[in-house]
>>> print(open('target_36.txt').read())   # compact mmCIF, C-alpha atoms
# COMPACT_ATOMS: atom_id res chain seq x y z
CA GLU A 100 250.32 29.81 -1.50
CA ALA A 101 250.78 26.50 0.32
CA GLU A 102 249.90 26.56 3.99
CA VAL A 103 250.17 24.38 7.05
CA ALA A 104 246.64 23.30 7.92
CA GLN A 105 245.54 22.72 11.50
CA SER A 106 242.28 21.70 13.08
CA PRO A 107 240.34 22.43 15.12
CA ARG A 108 241.07 26.14 15.47
CA TYR A 109 239.44 26.22 18.87
CA LYS A 110 238.72 23.50 21.40
CA ILE A 111 237.10 23.81 24.80
CA THR A 112 237.15 20.76 27.00
CA GLU A 113 236.83 19.78 30.60
CA LYS A 114 239.77 18.48 32.56
CA SER A 115 240.32 14.75 32.39
CA GLN A 116 238.86 14.60 28.88
CA ALA A 117 240.85 13.56 25.82
CA VAL A 118 241.65 16.02 23.03
CA ALA A 119 243.34 15.65 19.67
CA PHE A 120 244.80 18.10 17.22
CA TRP A 121 245.56 17.49 13.57
CA CYS A 122 248.18 19.03 11.32
CA ASP A 123 248.78 18.75 7.59
CA PRO A 124 252.14 20.25 6.63
CA ILE A 125 253.09 21.81 3.35
CA SER A 126 253.50 19.16 0.69
CA GLY A 127 257.10 17.98 0.45
CA HIS A 128 258.08 19.19 3.90
CA ALA A 129 259.69 16.20 5.58
CA THR A 130 260.12 17.80 8.97
CA LEU A 131 257.16 18.55 11.18
CA TYR A 132 257.10 20.25 14.57
CA TRP A 133 254.53 20.67 17.32
CA TYR A 134 254.97 23.72 19.55
CA ARG A 135 253.02 24.80 22.60
CA GLN A 136 252.52 28.49 23.22
CA ILE A 137 251.14 29.45 26.62
CA LEU A 138 249.46 32.84 26.72
CA GLY A 139 252.04 35.59 27.09
CA GLN A 140 254.98 33.32 26.27
CA GLY A 141 256.93 32.24 23.25
CA PRO A 142 256.44 28.86 21.57
CA GLU A 143 258.19 25.83 23.04
CA LEU A 144 258.96 22.70 21.07
CA LEU A 145 257.03 19.61 22.11
CA VAL A 146 258.03 17.16 19.39
CA GLN A 147 259.86 17.08 16.08
CA PHE A 148 259.37 14.50 13.33
CA GLN A 149 261.58 13.69 10.39
CA ASP A 150 259.25 11.86 8.03
CA GLU A 151 257.51 9.35 10.33
CA SER A 152 260.30 9.19 12.92
CA VAL A 153 260.49 11.17 16.13
CA VAL A 154 263.68 13.23 16.21
CA ASP A 155 263.12 15.08 19.47
CA ASP A 156 260.40 14.59 22.05
CA SER A 157 262.43 15.52 25.09
CA GLN A 158 259.95 18.24 26.12
CA LEU A 159 256.81 16.20 25.49
CA PRO A 160 255.02 15.24 28.74
CA LYS A 161 254.77 11.60 27.80
CA ASP A 162 252.50 10.62 30.65
CA ARG A 163 249.63 12.44 28.98
CA PHE A 164 250.79 13.64 25.55
CA SER A 165 251.35 11.54 22.47
CA ALA A 166 252.13 12.41 18.88
CA GLU A 167 252.24 10.40 15.72
CA ARG A 168 252.96 10.85 12.05
CA LEU A 169 252.24 7.37 10.76
CA LYS A 170 252.72 7.92 7.03
CA GLY A 171 255.17 10.75 7.29
CA VAL A 172 252.65 13.30 6.10
CA ASP A 173 249.97 14.58 8.48
CA SER A 174 250.27 14.35 12.22
CA THR A 175 248.10 14.09 15.31
CA LEU A 176 248.87 15.40 18.79
CA LYS A 177 246.80 13.91 21.59
CA ILE A 178 246.35 14.87 25.22
CA GLN A 179 244.76 12.41 27.64
CA PRO A 180 243.71 13.38 30.21
CA ALA A 181 243.70 17.13 29.75
CA GLU A 182 244.67 19.29 32.71
CA LEU A 183 243.99 22.95 33.43
CA GLY A 184 247.62 23.80 32.73
CA ASP A 185 247.34 22.47 29.20
CA SER A 186 245.37 25.53 28.12
CA ALA A 187 247.50 27.01 25.35
CA MET A 188 247.87 27.46 21.61
CA TYR A 189 249.24 24.37 19.89
CA LEU A 190 251.17 25.34 16.79
CA CYS A 191 252.27 23.02 14.03
CA ALA A 192 255.14 23.94 11.75
CA SER A 193 256.95 22.29 8.89
CA SER A 194 260.17 22.81 7.00
CA GLN A 195 261.74 21.53 3.83
CA PRO A 196 265.15 19.91 3.48
CA GLY A 197 267.92 22.35 4.20
CA GLN A 198 265.71 24.52 6.34
CA GLY A 199 264.56 24.34 9.94
CA PRO A 200 265.18 25.90 13.33
CA ASN A 201 268.77 26.71 12.41
CA THR A 202 267.69 28.81 9.43
CA GLY A 203 264.51 30.08 11.08
CA GLU A 204 262.54 29.12 8.02
CA LEU A 205 259.70 27.29 9.66
CA PHE A 206 256.22 27.52 8.18
CA PHE A 207 253.62 27.73 10.90
CA GLY A 208 249.93 26.95 10.88
CA GLU A 209 247.39 29.20 12.55
CA GLY A 210 247.30 26.98 15.60
CA SER A 211 244.73 25.20 17.71
CA ARG A 212 243.70 27.08 20.81
CA LEU A 213 242.83 24.78 23.70
CA THR A 214 240.90 25.88 26.77
CA VAL A 215 240.60 23.37 29.59
CA LEU A 216 237.84 24.09 32.12
CA ALA B 107 271.41 27.49 28.98
CA GLN B 108 270.35 30.09 26.46
CA LYS B 109 267.82 32.82 27.05
CA VAL B 110 266.05 35.53 25.08
CA THR B 111 264.62 38.55 26.86
CA GLN B 112 262.08 40.93 25.39
CA ALA B 113 261.51 43.38 28.20
CA GLN B 114 258.79 45.31 26.40
CA THR B 115 255.55 43.42 26.92
CA GLU B 116 253.34 45.88 25.05
CA ILE B 117 253.98 48.96 22.95
CA SER B 118 251.46 51.34 21.41
CA VAL B 119 252.37 54.03 18.92
CA VAL B 120 250.44 56.28 16.62
CA GLU B 121 250.55 55.40 12.95
CA LYS B 122 253.57 56.74 11.06
CA GLU B 123 255.72 56.88 14.15
CA ASP B 124 258.92 54.85 14.32
CA VAL B 125 259.15 52.10 16.90
CA THR B 126 261.99 49.89 18.15
CA LEU B 127 261.50 46.47 19.66
CA ASP B 128 264.29 45.35 21.97
CA CYS B 129 265.81 41.90 22.22
CA VAL B 130 268.62 40.79 24.52
CA TYR B 131 270.01 37.27 24.44
CA GLU B 132 272.28 35.02 26.46
CA THR B 133 274.23 32.08 25.11
CA ARG B 134 277.54 30.31 25.66
CA ASP B 135 277.77 29.23 22.05
CA THR B 136 280.14 31.02 19.71
CA THR B 137 278.04 30.07 16.71
CA TYR B 138 274.38 30.90 16.91
CA TYR B 139 271.55 32.42 14.91
CA LEU B 140 269.08 35.14 15.79
CA PHE B 141 265.63 35.60 14.30
CA TRP B 142 262.58 37.80 14.41
CA TYR B 143 259.06 36.49 13.83
CA LYS B 144 255.72 38.26 13.50
CA GLN B 145 252.55 36.71 14.89
CA PRO B 146 249.44 38.49 13.57
CA PRO B 147 246.01 37.97 15.17
CA SER B 148 245.42 34.98 12.88
CA GLY B 149 248.00 33.08 14.93
CA GLU B 150 250.69 31.83 12.58
CA LEU B 151 254.27 32.91 13.13
CA VAL B 152 255.88 34.51 10.12
CA PHE B 153 259.65 34.45 9.72
CA LEU B 154 261.11 37.94 9.15
CA ILE B 155 264.88 37.74 9.35
CA ARG B 156 267.92 35.66 10.35
CA ARG B 157 271.36 36.81 11.44
CA ASN B 158 274.28 34.58 12.29
CA SER B 159 276.69 35.33 15.11
CA PHE B 160 279.53 36.21 12.76
CA ASP B 161 277.64 38.83 10.81
CA GLU B 162 277.03 42.06 12.70
CA GLN B 163 276.11 44.01 9.65
CA ASN B 164 272.83 45.80 10.11
CA GLU B 165 270.08 45.11 7.64
CA ILE B 166 267.28 47.14 6.15
CA SER B 167 264.29 45.76 4.30
CA GLY B 168 261.81 48.41 3.33
CA ARG B 169 260.44 49.92 6.53
CA TYR B 170 262.11 47.26 8.67
CA SER B 171 265.65 47.41 10.00
CA TRP B 172 267.62 45.30 12.41
CA ASN B 173 270.56 46.26 14.61
CA PHE B 174 272.75 43.39 15.85
CA GLN B 175 275.39 44.22 18.46
CA LYS B 176 277.37 41.35 19.95
CA SER B 177 279.01 43.66 22.48
CA THR B 178 275.66 44.21 24.18
CA SER B 179 274.08 40.86 23.13
CA SER B 180 271.24 42.71 21.50
CA PHE B 181 269.30 42.28 18.28
CA ASN B 182 266.82 45.14 18.03
CA PHE B 183 264.13 45.61 15.41
CA THR B 184 262.95 49.00 14.18
CA ILE B 185 259.85 49.72 12.14
CA THR B 186 259.93 53.07 10.39
CA ALA B 187 256.73 54.93 9.57
CA SER B 188 254.57 52.31 11.26
CA GLN B 189 251.30 51.18 9.73
CA VAL B 190 248.20 49.59 11.20
CA VAL B 191 249.11 46.32 9.45
CA ASP B 192 252.23 46.17 11.63
CA SER B 193 250.05 45.47 14.67
CA ALA B 194 251.04 42.02 15.90
CA VAL B 195 253.09 40.19 18.48
CA TYR B 196 256.77 40.09 17.58
CA PHE B 197 259.10 37.37 18.81
CA CYS B 198 262.87 37.36 18.93
CA ALA B 199 264.45 33.90 18.90
CA LEU B 200 267.88 32.32 19.25
CA PHE B 201 269.13 29.05 17.76
CA GLY B 202 272.12 27.52 19.45
CA ASN B 203 273.24 24.09 20.59
CA GLU B 204 270.54 22.53 18.41
CA LYS B 205 267.77 24.37 20.21
CA LEU B 206 265.48 27.22 19.17
CA THR B 207 264.52 29.48 22.08
CA PHE B 208 261.88 32.20 21.77
CA GLY B 209 261.48 35.33 23.83
CA THR B 210 258.15 36.13 25.45
CA GLY B 211 257.16 38.50 22.68
CA THR B 212 256.23 42.17 22.38
CA ARG B 213 252.67 43.09 21.48
CA LEU B 214 252.76 46.08 19.13
CA THR B 215 249.64 48.11 18.56
CA ILE B 216 249.59 50.80 15.91
CA ILE B 217 246.89 53.37 16.57
CA PRO B 218 245.31 54.87 13.44
>>> encode(input="target_36.txt", output="structure tokens")
Amino acid sequence: EAEVAQSPRYKITEKSQAVAFWCDPISGHATLYWYRQILGQGPELLVQFQDESVVDDSQLPKDRFSAERLKGVDSTLKIQPAELGDSAMYLCASSQPGQGPNTGELFFGEGSRLTVL
Amino acid sequence: AQKVTQAQTEISVVEKEDVTLDCVYETRDTTYYLFWYKQPPSGELVFLIRRNSFDEQNEISGRYSWNFQKSTSSFNFTITASQVVDSAVYFCALFGNEKLTFGTGTRLTIIP
């Protein structure tokens, strides 16, 4: 069964360092999402891509976070510099045409857990 | 602004018991969608069910059932004859006004 791949699964870094997370969505899924899930809370959308274009990045802290999906396939989420409050699970999801947050049919990866010391 | 409240932070039940997870929502939209997701220890969220705001019919899928009541703004999830594999964090979510909002989740532990 096709899966959304994410790496690394775990990342420990010191504050002020740079970190990057990678996501490879399910083949054919044009829409890609990055969510942040703080411990004990539900996921919150950071950025949404349609192919290589950003559709929604209103909740992305742009002073330190950046995201790209250059070829409309895999995506990278970067944090620079990392802060203590960035400790969270970063989840990537993808959806195919006709599906998405309105249908609930998002396919999630296993996430990248970030710990900032 | 829309909001989803899952008041039960953690629930533990003995295997084979029935358990109900509560979800209460707030929205000003007349058209909206409600969902439940399961997040096992591996981390990925798994979509379980969707209901739209115009369909209050309850649904049953195997051991799972969902009760949607607009009058009380609730969308509760019941697992019948629970099994250890049901142990996970369960999230209720609401889509309205182009935004998907998750609750804070309920951690369910099934004790063998």
>>> interface_residues(input="target_36.txt", of="chain A", to="chain B", cutoff="8 Å", atoms="all atoms listed in the file", output="PyMOL selection string")
chain A and resi 139-143+190+200-210
>>> closest_residue(input="target_36.txt", among="A:Val154, A:Leu159, A:Ala166, A:Val172", to="Ser126 of chain A", atoms="only C-alpha atoms")
A:Val172
>>> atom_distance(input="target_36.txt", atom1="atom CA of Ala129 of chain A", atom2="atom CA of Met188 of chain A")
22.9 Å
>>> residues_near_point(input="target_36.txt", point="(253.5, 13.6, 12.7)", cutoff="10 Å", atoms="only C-alpha atoms", output="list in words")
Trp121, Cys122, Asp123, Pro124, Ala129, Thr130, Leu131, Tyr132, Trp133, Val146, Gln147, Phe148, Gln149, Asp150, Glu151, Ser152, Val153, Ala166, Glu167, Arg168, Leu169, Lys170, Gly171, Val172, Asp173, Ser174, Thr175, Leu176 and Cys191 of chain A
>>> residues_around(input="target_36.txt", residues="segment 132-137 of chain B", least_positions_apart="5", cutoff="6 Å", atoms="all atoms listed in the file", output="JSON, numbers by chain")
{"B": [108, 109, 159]}
>>> atom_distance(input="target_36.txt", atom1="atom CA of Pro218 of chain B", atom2="atom CA of Trp172 of chain B")
24.3 Å
>>> atom_distance(input="target_36.txt", atom1="atom CA of Pro196 of chain A", atom2="atom CA of Ser165 of chain A")
24.9 Å
>>> residues_near_point(input="target_36.txt", point="(252.4, 58.5, 9.9)", cutoff="7 Å", atoms="all atoms listed in the file", output="list in words")
Glu121, Lys122, Glu123, Ala187 and Ser188 of chain B
>>> write_last_selection(input="target_36.txt", atoms="C-alpha atoms", output="PDB file, keeping the file's coordinate frame")
ATOM      1  CA  GLU B 121     250.550  55.400  12.950  1.00  0.00           C
ATOM      2  CA  LYS B 122     253.570  56.740  11.060  1.00  0.00           C
ATOM      3  CA  GLU B 123     255.720  56.880  14.150  1.00  0.00           C
ATOM      4  CA  ALA B 187     256.730  54.930   9.570  1.00  0.00           C
ATOM      5  CA  SER B 188     254.570  52.310  11.260  1.00  0.00           C
TER       6      SER B 188
END
